[in-house]
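A.B. asks: Handing you a structure now.
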Amino acid sequence: MKVAMIGWEYPPFKAGGLATHCLGLTSSLADKNILVDFYMPKTKHRVYNNKGNLRIIEVGETEIYPYDRPDEKDLSGAFFESVYKYNNLVVQKVSRKHDIVKYDLIHVHDWLTMKAGIALKEKLGIPLIVSIHSTEYDRSGWLYPNQWFIDIEREGMEKADLIITVSHFTKRTIVEKYGINPDKIRVIHNAVYPLGEGEKKNLVLFLGRLTIQKGAEFFLKAAKKVLEYENTKFVVAGTGDMFHRLVDTAVHLGIANNVIFTGRLTDEEVRHIYQIASVYVMPSVSEPFGITALEAASAGTPTIVSKTAGVAEAFKNCLKVDFWDVDEMANKIISLLRYDALRNTLAKEGKREIMLFTWDRVADKTIEVYREVV
Amino acid sequence: MRLNRFSVFHIGKNIHPMNYFNQTLNKNIFEKVANKCYLPTNNLLLKLIDQYKGEFKVSFSLTGTFVEYCQQYMPSLIESFQQLFSTGSVDLIEETYFHSLASLYDELDEFEEQVLMHREMIKQLFNYRPMVFRNTEAIYDNRIARKVADMGYKGIITEGTEKILGWKSPNYLYKPINANIKVLLRNYTLSDDIGFRFSAQGWVGFPLTADKYAKWMANTPGDIINLFMDYETFGEHHWPETGIFDFLEHLPEEVFKHENLEFITVSEAVKRYEPVGEIDVPWAISWADEQRDVSTWLGNEMQHACFRELQDIGKKLKEKGDRDLLNIWRKLQTSDHLYYISTKGFEDGAVHQYFSPYDDPYDGFINYMNILQDFKQQLIQ
């Protein structure tokens, strides 16, 4: 089977979980004798690949940060222009390749590549698979979602032969908010490459984009509460449009001495901080999946996640809270810091359960979806 | 028994220990189950005993906690049990007053006290002294068997699992290698056919009818078939719509069609039959889960941590000798609290989750451990 897959990020270039997903998925597909041409925008980074069945094809020259919330002035600005440009270039490039390769299907990820997917399906007359890793509702935290994105997303979902979502939570969103027929949606939970355990330090970790979606302000409010009872450090790792507001919040809460903002971390630093954290908290307002929770657990770090996060439906050995319930979040953080037995059991059982979350399984399930349309 | 939500922020706030327990919820659950199960089943049993002139017999094992709930929320239920007992076809089984794991503590003094409390309660309510003992969840090992024998009981009930029997049949009496007492072994296949599988549509025995079941029993070799199950089997685990009450109603009639079958109580069983062999149980068994051991309550580090706290608190309490706090401690020993912390629930089907008031075992641990920490602090004051 030959697949033209269109994405926008691939390690080492990484804005979110999608890069991790594309690496895991394409590598495991290649191992299963699926020929994958992965199209992505050209970046300054060198993409490394040693799989015979996998080709990374870079198109044009744009770096796009699709998770940043657009300001009004951006709506007609360079950001959208580069998205259009990328989609147009991809359509041309895939069409030319198709004459030689004869693809069996097109597989696109999220709204950025939908236009190209739709155009190619019409032009080449082959099936279109759309993977939804997040929707505009998630990225906006369900506050003022942008209709322009929603329209693109809906069109892509409607034109797709089948849709893959990363959770039942996301499936529900696209049925309820986009009016998509649930019969053409397949749920495939994400996976993780286990990180391995490190020596734990007395710190509680938030790691993710600092956007409204990820709920870092709830983490800070819980931290305030925890610090009234326990002496520990809180680390906010990552960057995003809410960075300055969050720093201000920490100062206003009077906990600045116990909160460390790291800014953007390298892959090596990310791995390290997962390994030394005693507790990982993912208080996302809206989280289609949340691979970071699996990454933390794979490093033997007990994890607290939003009840509604996609990962919470699939991964059992973590603690679950409502993202707005900072008292309960603090209760759980303090319990984890105090009770060795709780920490140890979560770490042990979590690492064991992580073994079930393989990209091999994701690839198998994805191939099943391909077979349905080819 | 249900606990209130208790976060780390409640610890040390001088909350009265009676408020650890969710009394409203406990009352509601009790009343619901009493109406669905205890009352209708008692009435049916009474009718059957009368109908078959005392030849239909049952044995009850009632904890002190259960009796206290009856007294508080539905005293007529006590009268109903007394009426059943007065027929002479109903036997009573001894157990610990609280549904506790006291038999697994380092010292057996607390276990003995709880058994004596139960003995006193049965004497008060029924003017009777049980001959046969059944521990919480049928937990049993050599040490428990000897203790129970030393306390004067003639029989003890536990699970007829292959783990202790090997090729031997559960349908005879046995004797522990180290004590002089008769062991009655639950026939788990036939018991669970009713208790677990009665309404399971995918089961080959479905639908289970009284005549089919009586035939199975008639074809079972041995002296005695011990059928033990949760009372909630009737009307709660299996709702009336499943036909469970019809099954029970027709069971005596079908049983009496077979010449080799009759009903006896546990006391009659230990009087009538002699052990056919010895059993050796160095590690505790129970009738719970697939493993039939105590890993349901003591299977992970969190459960062990709580269990240790519980025992530590006990040592401090006994020095202090405060009766009210002692009573709270004993209520906290109810095995349910540890059951909810089992991580086996994730694999062992939905059984654990079905009974649990918590989202997951970790929530259960945090709540219970917070209460134990608070209780410990209140002791020191």
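By order of appearance in the structure tokens: chains A, B, ..., then residues from 1 within every chain, and ligands from 1 in the order shown.
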Excluding range 237-246 of chain A and residues on its chain fewer than 6 positions from it, collect all residues at most 9 Å away from it, counting only C-alpha atoms, and give them as a ChimeraX atom specification.

C.D. replies: /A:67-69,205-212,216-217,220,260-265,270,273

A.B. asks: Include C-alpha atoms and write out the residues we just selected as a PDB file, in the first residue's frame.

C.D. replies:
```pdb
ATOM      1  CA  TYR A  67      -1.234  26.387  18.013  1.00  0.00           C
ATOM      2  CA  ASP A  68      -0.593  30.074  18.600  1.00  0.00           C
ATOM      3  CA  ARG A  69      -3.846  31.911  18.945  1.00  0.00           C
ATOM      4  CA  LEU A 205       5.925  19.661  36.833  1.00  0.00           C
ATOM      5  CA  PHE A 206       3.705  21.316  34.246  1.00  0.00           C
ATOM      6  CA  LEU A 207       4.935  20.841  30.683  1.00  0.00           C
ATOM      7  CA  GLY A 208       3.132  22.053  27.623  1.00  0.00           C
ATOM      8  CA  ARG A 209       2.326  25.025  25.487  1.00  0.00           C
ATOM      9  CA  LEU A 210       1.410  28.022  27.603  1.00  0.00           C
ATOM     10  CA  THR A 211      -1.916  28.608  25.891  1.00  0.00           C
ATOM     11  CA  ILE A 212      -5.444  28.842  27.204  1.00  0.00           C
ATOM     12  CA  ALA A 216      -1.393  26.326  33.324  1.00  0.00           C
ATOM     13  CA  GLU A 217      -3.120  29.002  35.438  1.00  0.00           C
ATOM     14  CA  LEU A 220      -0.400  27.855  39.572  1.00  0.00           C
ATOM     15  CA  ILE A 260      10.420  28.086  37.937  1.00  0.00           C
ATOM     16  CA  PHE A 261       9.552  29.076  34.363  1.00  0.00           C
ATOM     17  CA  THR A 262      11.926  27.285  32.042  1.00  0.00           C
ATOM     18  CA  GLY A 263      10.820  28.606  28.662  1.00  0.00           C
ATOM     19  CA  ARG A 264      11.150  26.281  25.675  1.00  0.00           C
ATOM     20  CA  LEU A 265      13.152  23.137  26.414  1.00  0.00           C
ATOM     21  CA  VAL A 270      12.298  17.558  28.308  1.00  0.00           C
ATOM     22  CA  ILE A 273      12.707  16.958  33.543  1.00  0.00           C
TER      23      ILE A 273
END
```

A.B. asks: Identify all chain A residues at most 9 Å from chain B by counting only C-alpha atoms; ligands do not count. Present them as a PDB file with C-alpha atoms, in the first residue's frame.

C.D. replies:
```
ATOM      1  CA  TYR A 229       1.178  22.799  53.433  1.00  0.00           C
ATOM      2  CA  LYS A 316      -5.920   3.931  33.998  1.00  0.00           C
ATOM      3  CA  ASN A 317      -2.933   4.397  36.275  1.00  0.00           C
ATOM      4  CA  CYS A 318      -3.097   8.148  36.722  1.00  0.00           C
ATOM      5  CA  LEU A 319      -5.039  10.514  38.964  1.00  0.00           C
ATOM      6  CA  LYS A 320      -7.931  12.411  37.448  1.00  0.00           C
ATOM      7  CA  ASP A 327      -8.627  22.316  45.661  1.00  0.00           C
ATOM      8  CA  GLU A 328      -8.861  18.718  44.507  1.00  0.00           C
ATOM      9  CA  ALA A 330      -3.884  20.417  45.416  1.00  0.00           C
ATOM     10  CA  ASN A 331      -5.289  17.563  47.508  1.00  0.00           C
ATOM     11  CA  LYS A 332      -3.889  15.098  44.995  1.00  0.00           C
ATOM     12  CA  ILE A 334      -0.088  16.906  48.444  1.00  0.00           C
ATOM     13  CA  SER A 335      -1.178  13.276  48.767  1.00  0.00           C
ATOM     14  CA  LEU A 336       1.395  12.295  46.148  1.00  0.00           C
ATOM     15  CA  TYR A 339       2.296   9.145  50.676  1.00  0.00           C
ATOM     16  CA  ASP A 340       5.154   7.042  49.317  1.00  0.00           C
ATOM     17  CA  ALA A 341       2.821   4.113  48.748  1.00  0.00           C
ATOM     18  CA  LEU A 342       0.651   6.149  46.401  1.00  0.00           C
ATOM     19  CA  ASN A 344       5.256   4.043  44.203  1.00  0.00           C
ATOM     20  CA  THR A 345       2.092   2.229  43.122  1.00  0.00           C
ATOM     21  CA  LEU A 346       1.289   4.783  40.436  1.00  0.00           C
ATOM     22  CA  GLU A 349       1.572   0.259  37.665  1.00  0.00           C
TER      23      GLU A 349
END
```

A.B. asks: Among the residues of range 123-238 of chain A, find those DSSP assigns to strand (DSSP E or B) from the backbone and print them as a list in words.

C.D. replies: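 Reading the DSSP output for range 123-238 of chain A, strand (DSSP E or B) covers Leu128, Ile129, Val130, Ser131, Ile132, Leu162, Ile163, Ile164, Thr165, Ile185, Arg186, Val187, Leu203, Val204, Leu205, Phe206, Leu207, Lys233, Phe234, Val235, Val236, Ala237 and Gly238 of chain A.
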
A.B. asks: Taking 3 positions as the minimum chain separation for residues in the same chain, which residues sit within 12 Å of Gln291 in chain B when counting only C-alpha atoms? Answer as an MDAnalysis selection string.

C.D. replies: chainID B and resid 159 161:163 284:288 294:297 299 344 348

A.B. asks: Pick out the residues sitting within 10 Å of Asp336 in chain B, and hand them over as a tab-separated table (two decimals) with C-alpha atoms, in the first residue's frame; count only C-alpha atoms, and ignore anything fewer than 3 positions along from it in its own chain.

C.D. replies:
```
chain	number	residue	atom	x	y	z
B	1	MET	CA	-19.64	1.05	54.41
B	2	ARG	CA	-19.11	4.44	52.80
B	99	HIS	CA	-16.40	-7.02	58.67
B	100	SER	CA	-12.70	-6.70	59.39
B	297	TRP	CA	-7.39	-6.30	50.28
B	332	LEU	CA	-12.51	1.91	59.92
B	333	GLN	CA	-11.33	-1.70	59.90
B	339	TYR	CA	-11.19	-3.40	48.81
B	340	TYR	CA	-11.80	-0.08	47.07
B	341	ILE	CA	-8.01	0.45	46.87
B	355	PHE	CA	-19.06	-1.81	44.25
B	356	SER	CA	-16.72	1.15	44.60
```

A.B. asks: So which residues touch Lys221 in chain A within 12 Å, counting only C-alpha atoms, skipping near sequence neighbours fewer than 2 positions away, as an MDAnalysis selection string?

C.D. replies: chainID A and resid 215:219 223:228 234 246 249:256 259 283 323:330

A.B. asks: Find the spatial neighbours of Gly155 in chain B, counting only C-alpha atoms, within a cut-off of 12 Å - ignore same-chain residues fewer than 2 positions away - and output them as a ChimeraX atom specification.

C.D. replies: /B:93-95,130-135,145-153,157-158,173-176,179-185,265-275

A.B. asks: Hey, what's within 8 Å of range 146-149 of chain A if we count only C-alpha atoms and toss same-chain stuff fewer than 5 positions away? As a list in words, please?

C.D. replies: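 Here the qualifying residues turn out to be Trp111, Glu136 and Ser140 of chain A.
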
A.B. asks: Based on the backbone DSSP call, show me all residues of range 113-173 of chain B assigned helix (DSSP H, G or I), as a PyMOL selection string.

C.D. replies: chain B and resi 113-126+136-138+142-150+162-165

A.B. asks: For Ser82 in chain A, which residue out of A:Tyr178, A:Val36, A:Leu124, A:Trp8 is the nearest one, using only C-alpha atoms?

C.D. replies: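 Nearest candidate to Ser82 in chain A out of A:Tyr178, A:Val36, A:Leu124, A:Trp8: A:Trp8.
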
A.B. asks: Between B:Asp193, B:Met117, B:Ile279, B:His250, which is the closest to Gly166 in chain B once you count only C-alpha atoms?

C.D. replies: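 Nearest to Gly166 in chain B: B:Ile279.
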